[in-house]
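Student: Pasting input35.cif here (mmCIF, C-alpha atoms):
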data_entry
loop_
_atom_site.label_atom_id
_atom_site.label_comp_id
_atom_site.auth_asym_id
_atom_site.auth_seq_id
_atom_site.Cartn_x
_atom_site.Cartn_y
_atom_site.Cartn_z
CA MET A 15 25.21 -17.63 -21.04
CA ALA A 16 24.15 -17.72 -17.38
CA GLY A 17 21.27 -15.50 -16.30
CA LYS A 18 20.99 -13.28 -13.27
CA GLU A 19 21.27 -15.02 -9.89
CA GLU A 20 17.92 -16.06 -8.40
CA CYS A 21 16.72 -15.96 -4.80
CA PHE A 22 14.02 -18.57 -4.23
CA ILE A 23 11.52 -17.41 -1.60
CA SER A 24 8.97 -19.89 -0.26
CA VAL A 25 5.64 -18.20 0.45
CA ASP A 26 2.46 -19.44 2.11
CA VAL A 27 -0.75 -17.66 3.06
CA GLU A 28 -3.80 -18.32 5.18
CA THR A 29 -7.00 -16.75 3.93
CA ALA A 30 -10.67 -16.30 4.74
CA GLY A 31 -11.79 -17.89 1.46
CA PRO A 32 -10.89 -18.99 -2.05
CA ILE A 33 -10.31 -15.76 -3.98
CA PRO A 34 -8.63 -12.41 -3.28
CA GLY A 35 -10.75 -9.30 -3.18
CA ASP A 36 -13.88 -11.16 -2.13
CA TYR A 37 -11.96 -12.74 0.77
CA SER A 38 -9.05 -11.55 2.89
CA MET A 39 -5.49 -12.75 3.16
CA LEU A 40 -5.12 -13.22 6.92
CA SER A 41 -1.46 -14.15 7.27
CA LEU A 42 1.61 -14.50 5.11
CA GLY A 43 4.78 -16.41 5.86
CA ALA A 44 7.92 -16.46 3.74
CA CYS A 45 11.45 -17.76 4.01
CA VAL A 46 14.49 -18.01 1.80
CA VAL A 47 14.90 -21.46 0.30
CA GLY A 48 18.17 -22.80 1.66
CA CYS A 49 18.09 -20.46 4.66
CA ALA A 50 14.72 -20.90 6.36
CA THR A 51 15.80 -18.81 9.35
CA GLU A 52 15.77 -15.79 7.02
CA ALA A 53 12.03 -15.39 7.39
CA PHE A 54 9.06 -13.01 7.31
CA TYR A 55 5.65 -13.33 8.96
CA VAL A 56 2.69 -11.00 9.22
CA GLU A 57 -0.94 -11.21 10.27
CA ILE A 58 -3.18 -8.87 8.29
CA LYS A 59 -6.37 -6.95 9.05
CA PRO A 60 -9.27 -8.36 7.01
CA ILE A 61 -10.42 -6.19 4.10
CA ASN A 62 -14.05 -7.24 4.65
CA ASP A 63 -16.18 -9.59 6.78
CA ASN A 64 -16.50 -12.35 4.18
CA PHE A 65 -15.31 -15.82 5.14
CA VAL A 66 -15.75 -19.49 4.46
CA PRO A 67 -16.20 -21.28 7.80
CA ASP A 68 -13.81 -24.11 6.83
CA ALA A 69 -11.07 -21.62 5.96
CA LEU A 70 -11.20 -20.06 9.43
CA ARG A 71 -11.48 -23.45 11.09
CA VAL A 72 -8.28 -24.60 9.33
CA SER A 73 -6.28 -21.46 10.12
CA GLY A 74 -7.69 -20.82 13.58
CA PHE A 75 -8.04 -17.10 12.88
CA ASP A 76 -10.83 -14.90 14.20
CA LEU A 77 -11.71 -12.00 11.87
CA ALA A 78 -12.81 -9.69 14.71
CA LYS A 79 -9.55 -10.25 16.59
CA LEU A 80 -7.46 -9.71 13.43
CA ALA A 81 -9.37 -6.49 12.75
CA ASN A 82 -7.79 -5.19 15.99
CA THR A 83 -4.39 -6.89 15.99
CA GLY A 84 -3.50 -7.38 12.32
CA GLU A 85 -1.33 -5.09 10.21
CA PRO A 86 -3.21 -2.92 7.72
CA PRO A 87 -2.80 -4.49 4.24
CA GLU A 88 -0.80 -1.49 2.96
CA ALA A 89 1.72 -1.77 5.80
CA ALA A 90 1.91 -5.56 5.52
CA VAL A 91 2.79 -5.59 1.82
CA LYS A 92 5.21 -2.68 2.20
CA LYS A 93 7.08 -4.64 4.89
CA LEU A 94 7.01 -7.73 2.68
CA ALA A 95 8.46 -5.84 -0.29
CA GLU A 96 11.21 -4.34 1.90
CA TRP A 97 12.07 -7.80 3.26
CA ILE A 98 12.18 -9.28 -0.25
CA LYS A 99 14.55 -6.53 -1.38
CA LYS A 100 16.77 -7.10 1.65
CA VAL A 101 17.05 -10.89 1.29
CA ALA A 102 17.26 -10.97 -2.51
CA GLY A 103 19.76 -8.15 -2.85
CA GLU A 104 20.79 -8.02 -6.51
CA ALA A 105 19.30 -11.46 -7.25
CA THR A 106 15.92 -11.95 -8.90
CA PRO A 107 13.35 -12.89 -6.24
CA VAL A 108 11.37 -15.99 -7.27
CA PHE A 109 8.06 -16.79 -5.56
CA VAL A 110 7.95 -20.50 -4.63
CA GLY A 111 4.71 -22.09 -3.47
CA PHE A 112 3.18 -25.48 -2.94
CA ASN A 113 0.07 -25.10 -5.03
CA ALA A 114 1.48 -21.73 -5.97
CA GLY A 115 -1.59 -20.70 -7.93
CA PHE A 116 -3.61 -20.24 -4.75
CA ASP A 117 -1.02 -18.40 -2.66
CA TRP A 118 0.19 -16.39 -5.67
CA SER A 119 -3.31 -15.11 -6.43
CA PHE A 120 -3.59 -13.50 -2.99
CA VAL A 121 -0.03 -12.22 -2.75
CA ASN A 122 -0.09 -10.78 -6.27
CA TRP A 123 -3.50 -9.15 -5.74
CA TYR A 124 -2.46 -7.57 -2.43
CA LEU A 125 0.90 -6.35 -3.76
CA ILE A 126 -0.64 -4.78 -6.86
CA ARG A 127 -3.64 -3.36 -5.01
CA TYR A 128 -1.79 -1.90 -2.04
CA LEU A 129 1.78 -1.38 -3.29
CA GLY A 130 1.23 -0.87 -7.01
CA GLU A 131 3.80 -3.52 -8.00
CA ASN A 132 4.86 -7.08 -7.32
CA PRO A 133 8.59 -7.52 -6.52
CA PHE A 134 8.30 -11.14 -7.72
CA GLY A 135 7.32 -10.06 -11.22
CA PHE A 136 4.42 -11.85 -12.84
CA ALA A 137 5.02 -15.58 -12.40
CA PRO A 138 5.34 -18.04 -9.49
CA LEU A 139 7.23 -21.34 -9.33
CA ASP A 140 4.96 -24.21 -8.27
CA VAL A 141 6.59 -26.98 -6.20
CA LYS A 142 3.85 -29.45 -7.18
CA ALA A 143 4.51 -28.91 -10.89
CA TYR A 144 8.28 -29.07 -10.30
CA TYR A 145 7.83 -32.40 -8.48
CA MET A 146 5.65 -33.73 -11.26
CA GLY A 147 8.37 -33.00 -13.82
CA LEU A 148 11.16 -34.24 -11.56
CA VAL A 149 9.72 -37.67 -10.86
CA GLY A 150 7.43 -38.10 -13.87
CA CYS A 151 4.24 -38.62 -11.86
CA GLY A 152 0.63 -37.64 -12.48
CA TRP A 153 -1.10 -34.67 -10.88
CA GLU A 154 -2.85 -36.79 -8.23
CA GLU A 155 0.57 -37.87 -6.94
CA THR A 156 1.50 -34.26 -6.09
CA LYS A 157 -0.65 -34.03 -2.96
CA SER A 158 1.62 -33.33 0.01
CA SER A 159 0.65 -36.66 1.61
CA ARG A 160 1.73 -38.51 -1.54
CA ILE A 161 5.07 -36.82 -2.17
CA ARG A 162 7.90 -39.37 -1.94
CA PRO A 163 9.38 -39.75 1.57
CA GLU A 164 12.82 -38.50 0.51
CA PHE A 165 11.27 -35.12 -0.32
CA GLN A 166 9.11 -34.77 2.80
CA PRO A 167 10.04 -32.07 5.32
CA VAL A 168 11.28 -33.10 8.76
CA LYS A 169 8.44 -31.09 10.30
CA PRO A 170 5.27 -30.86 8.18
CA GLY A 171 3.36 -27.60 7.97
CA ASP A 172 0.51 -26.97 10.38
CA HIS A 173 -1.50 -24.18 8.70
CA ASN A 174 0.68 -21.50 10.19
CA ALA A 175 1.84 -19.56 7.13
CA LEU A 176 5.48 -19.39 8.23
CA ALA A 177 5.66 -23.04 9.31
CA ASP A 178 4.11 -24.05 5.99
CA ALA A 179 6.51 -21.81 4.04
CA ARG A 180 9.43 -23.44 5.83
CA ALA A 181 8.11 -26.97 5.22
CA GLN A 182 7.61 -26.36 1.51
CA ALA A 183 11.03 -24.67 1.28
CA GLU A 184 12.59 -27.83 2.70
CA MET A 185 10.70 -29.98 0.19
CA PHE A 186 11.86 -27.78 -2.66
CA GLU A 187 15.48 -27.82 -1.40
CA LYS A 188 15.41 -31.62 -1.43
CA MET A 189 13.97 -31.63 -4.95
CA LEU A 190 16.63 -29.23 -6.19
CA ALA A 191 19.35 -31.41 -4.64
CA ALA A 192 17.90 -34.52 -6.30
CA LYS A 193 17.84 -32.74 -9.66
CA ARG A 194 21.53 -31.85 -9.32
CA SER A 195 22.62 -35.41 -8.46
#
Give the structure from this file in structure tokens form.

Tutor:
Amino acid sequence: MAGKEECFISVDVETAGPIPGDYSMLSLGACVVGCATEAFYVEIKPINDNFVPDALRVSGFDLAKLANTGEPPEAAVKKLAEWIKKVAGEATPVFVGFNAGFDWSFVNWYLIRYLGENPFGFAPLDVKAYYMGLVGCGWEETKSSRIRPEFQPVKPGDHNALADARAQAEMFEKMLAAKRS
């Protein structure tokens, strides 16, 4: 018996540090796998002043600027949930991430904290783990630079959450196509 239709949504975040609550999620990008133009992006006001210098260096964000220009966390996650509902329709939305554990921890924490629920449910799909099972490689071979060329995106991510979400969506699309053939 076939289950409910699924809508795979690639999600990436940029943060001020390694764990939610102690550090802020600064931006979130998402797109529908198979239709990367159906996309969502938001920059978010920091919840505190904590940061790891390398995290800000990688993302290019300035906490003081985001405090003025970013969306409040409550508004950001409400918009995200509305977008998920719109693009998923009656399908089950599935969170897809490359190293999903990291991105999931922030997205889940913010959704529960500020919205009271997570439209994705309680589990993400990790592209790295999917790749590992697909090709039978070891964990070290799942680094983005070591993924086989046929699964690489045309345009790699650049630490912009939406660009990264689109790049990992393309990788996952290629993996799904390879699985079907």

Student: Could you give me, as a PyMOL selection string, the residues within 12 Å of segment 46-49 of chain A, counting all atoms listed in the file and dropping anything in the same chain fewer than 6 positions from it?

Tutor: chain A and resi 20-25+97-102+107-111+141+176+179-191

Student: Env of Arg71 of chain A: 12 Å cut, atoms = all atoms listed in the file, seq-sep filter 3 positions within chain, self excluded. Answer as a list in words.

Tutor: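 Answer for this query is Glu28, Thr29, Ala30, Gly31, Phe65, Val66, Pro67, Asp68, Gly74, Phe75, Asp76, Leu77 and His173 of chain A.
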
Student: Report as an MDAnalysis selection string the residues that result from applying the PyMOL selection byres ((chain A and resi 114) around 10) to the structure here.

Tutor: chainID A and resid 24:26 109:113 115:119 137:143

Student: Fewer than 4 positions away in the same chain doesn't count, so skip those; otherwise give me all residues within 10 Å of Arg162 of chain A, counting only C-alpha atoms, as a list in words.

Tutor: Tyr145, Val149, Glu155, Thr156, Ser158 and Gln166 of chain A

Student: What is the distance, in Å and to one decimal place, between atom CA of Ser38 of chain A and atom CA of Val121 of chain A?

Tutor: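 One can read the atom CA of Ser38 of chain A to atom CA of Val121 of chain A distance as 10.7 Å.
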
Student: Quick one, how far is atom CA of Asp172 of chain A from atom CA of Ala44 of chain A?

Tutor: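 That distance, rounded to one decimal, is 14.5 Å.
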
Student: To verify the selection step, state as a list in words which residues the PyMOL selection byres ((chain A and resi 43) around 8) yields on this input.

Tutor: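 Given this file, the PyMOL selection byres ((chain A and resi 43) around 8) evaluates to Val25, Asp26, Val27, Ser41, Leu42, Ala44, Cys45, Ala53, Phe54, Tyr55, Val56, Asn174, Ala175, Leu176, Ala177, Asp178 and Ala179 of chain A.
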
Student: Atom CA of Ala69 of chain A to atom CA of Lys93 of chain A: how many Å, to one decimal?

Tutor: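 Interatomic distance, atom CA of Ala69 of chain A to atom CA of Lys93 of chain A: 24.9 Å.
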
Student: Taking all atoms listed in the file into account, name the residue in A:Asn82, A:Phe165, A:Thr51, A:Asp36 that is nearest to Asn64 of chain A.

Tutor: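 Looking at the shortest contact to Asn64 of chain A, the residue is A:Asp36.
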
Student: Just checking: using all atoms listed in the file, which residue out of A:Glu52, A:Glu19, A:Asp63, A:Glu88 ends up closest to Tyr124 of chain A?

Tutor: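 The closest residue to Tyr124 of chain A is A:Glu88.
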
Student: Skip Lys18 of chain A itself and residues of its chain fewer than 3 positions away, then list as a list in words all residues within 9 Å of it, counting only C-alpha atoms.

Tutor: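 My reading of the contact set: Glu104, Ala105 and Thr106 of chain A.
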
Student: Could you give me segment 65-84 of chain A completed to N, CA, C and O atoms, formatted as a PDB file, in the coordinates of the input?

Tutor:
ATOM      1  N   PHE A  65     -16.133 -14.657   4.798  1.00  0.00           N
ATOM      2  CA  PHE A  65     -15.310 -15.820   5.140  1.00  0.00           C
ATOM      3  C   PHE A  65     -16.038 -17.106   4.799  1.00  0.00           C
ATOM      4  O   PHE A  65     -17.259 -17.138   4.705  1.00  0.00           O
ATOM      5  N   VAL A  66     -15.255 -18.129   4.608  1.00  0.00           N
ATOM      6  CA  VAL A  66     -15.750 -19.490   4.460  1.00  0.00           C
ATOM      7  C   VAL A  66     -15.438 -20.172   5.782  1.00  0.00           C
ATOM      8  O   VAL A  66     -14.275 -20.188   6.208  1.00  0.00           O
ATOM      9  N   PRO A  67     -16.442 -20.705   6.471  1.00  0.00           N
ATOM     10  CA  PRO A  67     -16.200 -21.280   7.800  1.00  0.00           C
ATOM     11  C   PRO A  67     -15.029 -22.282   7.840  1.00  0.00           C
ATOM     12  O   PRO A  67     -14.227 -22.246   8.778  1.00  0.00           O
ATOM     13  N   ASP A  68     -14.910 -23.133   6.837  1.00  0.00           N
ATOM     14  CA  ASP A  68     -13.810 -24.110   6.830  1.00  0.00           C
ATOM     15  C   ASP A  68     -12.445 -23.435   6.771  1.00  0.00           C
ATOM     16  O   ASP A  68     -11.482 -23.929   7.361  1.00  0.00           O
ATOM     17  N   ALA A  69     -12.353 -22.319   6.068  1.00  0.00           N
ATOM     18  CA  ALA A  69     -11.070 -21.620   5.960  1.00  0.00           C
ATOM     19  C   ALA A  69     -10.628 -21.105   7.335  1.00  0.00           C
ATOM     20  O   ALA A  69      -9.452 -21.222   7.699  1.00  0.00           O
ATOM     21  N   LEU A  70     -11.544 -20.560   8.095  1.00  0.00           N
ATOM     22  CA  LEU A  70     -11.200 -20.060   9.430  1.00  0.00           C
ATOM     23  C   LEU A  70     -10.960 -21.211  10.405  1.00  0.00           C
ATOM     24  O   LEU A  70     -10.096 -21.120  11.279  1.00  0.00           O
ATOM     25  N   ARG A  71     -11.691 -22.291  10.234  1.00  0.00           N
ATOM     26  CA  ARG A  71     -11.480 -23.450  11.090  1.00  0.00           C
ATOM     27  C   ARG A  71     -10.066 -24.011  10.897  1.00  0.00           C
ATOM     28  O   ARG A  71      -9.381 -24.349  11.855  1.00  0.00           O
ATOM     29  N   VAL A  72      -9.616 -24.080   9.646  1.00  0.00           N
ATOM     30  CA  VAL A  72      -8.280 -24.600   9.330  1.00  0.00           C
ATOM     31  C   VAL A  72      -7.194 -23.694   9.897  1.00  0.00           C
ATOM     32  O   VAL A  72      -6.227 -24.153  10.507  1.00  0.00           O
ATOM     33  N   SER A  73      -7.334 -22.396   9.698  1.00  0.00           N
ATOM     34  CA  SER A  73      -6.280 -21.460  10.120  1.00  0.00           C
ATOM     35  C   SER A  73      -6.343 -21.102  11.594  1.00  0.00           C
ATOM     36  O   SER A  73      -5.339 -20.706  12.182  1.00  0.00           O
ATOM     37  N   GLY A  74      -7.529 -21.194  12.173  1.00  0.00           N
ATOM     38  CA  GLY A  74      -7.690 -20.820  13.580  1.00  0.00           C
ATOM     39  C   GLY A  74      -7.833 -19.322  13.806  1.00  0.00           C
ATOM     40  O   GLY A  74      -7.856 -18.862  14.948  1.00  0.00           O
ATOM     41  N   PHE A  75      -7.927 -18.554  12.726  1.00  0.00           N
ATOM     42  CA  PHE A  75      -8.040 -17.100  12.880  1.00  0.00           C
ATOM     43  C   PHE A  75      -9.464 -16.678  13.196  1.00  0.00           C
ATOM     44  O   PHE A  75     -10.430 -17.318  12.802  1.00  0.00           O
ATOM     45  N   ASP A  76      -9.565 -15.547  13.887  1.00  0.00           N
ATOM     46  CA  ASP A  76     -10.830 -14.900  14.200  1.00  0.00           C
ATOM     47  C   ASP A  76     -10.792 -13.525  13.531  1.00  0.00           C
ATOM     48  O   ASP A  76      -9.898 -12.719  13.828  1.00  0.00           O
ATOM     49  N   LEU A  77     -11.732 -13.264  12.628  1.00  0.00           N
ATOM     50  CA  LEU A  77     -11.710 -12.000  11.870  1.00  0.00           C
ATOM     51  C   LEU A  77     -11.812 -10.779  12.780  1.00  0.00           C
ATOM     52  O   LEU A  77     -11.129  -9.778  12.545  1.00  0.00           O
ATOM     53  N   ALA A  78     -12.658 -10.836  13.812  1.00  0.00           N
ATOM     54  CA  ALA A  78     -12.810  -9.690  14.710  1.00  0.00           C
ATOM     55  C   ALA A  78     -11.509  -9.412  15.449  1.00  0.00           C
ATOM     56  O   ALA A  78     -11.108  -8.250  15.598  1.00  0.00           O
ATOM     57  N   LYS A  79     -10.828 -10.442  15.896  1.00  0.00           N
ATOM     58  CA  LYS A  79      -9.550 -10.250  16.590  1.00  0.00           C
ATOM     59  C   LYS A  79      -8.514  -9.664  15.630  1.00  0.00           C
ATOM     60  O   LYS A  79      -7.797  -8.723  15.981  1.00  0.00           O
ATOM     61  N   LEU A  80      -8.423 -10.226  14.409  1.00  0.00           N
ATOM     62  CA  LEU A  80      -7.460  -9.710  13.430  1.00  0.00           C
ATOM     63  C   LEU A  80      -7.750  -8.263  13.043  1.00  0.00           C
ATOM     64  O   LEU A  80      -6.826  -7.523  12.701  1.00  0.00           O
ATOM     65  N   ALA A  81      -9.030  -7.876  13.065  1.00  0.00           N
ATOM     66  CA  ALA A  81      -9.370  -6.490  12.750  1.00  0.00           C
ATOM     67  C   ALA A  81      -8.708  -5.533  13.742  1.00  0.00           C
ATOM     68  O   ALA A  81      -8.402  -4.385  13.397  1.00  0.00           O
ATOM     69  N   ASN A  82      -8.438  -6.016  14.959  1.00  0.00           N
ATOM     70  CA  ASN A  82      -7.790  -5.190  15.990  1.00  0.00           C
ATOM     71  C   ASN A  82      -6.284  -5.385  16.050  1.00  0.00           C
ATOM     72  O   ASN A  82      -5.559  -4.441  16.373  1.00  0.00           O
ATOM     73  N   THR A  83      -5.810  -6.585  15.772  1.00  0.00           N
ATOM     74  CA  THR A  83      -4.390  -6.890  15.990  1.00  0.00           C
ATOM     75  C   THR A  83      -3.572  -6.999  14.705  1.00  0.00           C
ATOM     76  O   THR A  83      -2.341  -6.899  14.760  1.00  0.00           O
ATOM     77  N   GLY A  84      -4.225  -7.195  13.578  1.00  0.00           N
ATOM     78  CA  GLY A  84      -3.500  -7.380  12.320  1.00  0.00           C
ATOM     79  C   GLY A  84      -2.924  -6.089  11.774  1.00  0.00           C
ATOM     80  O   GLY A  84      -3.376  -4.993  12.111  1.00  0.00           O
TER      81      GLY A  84
END
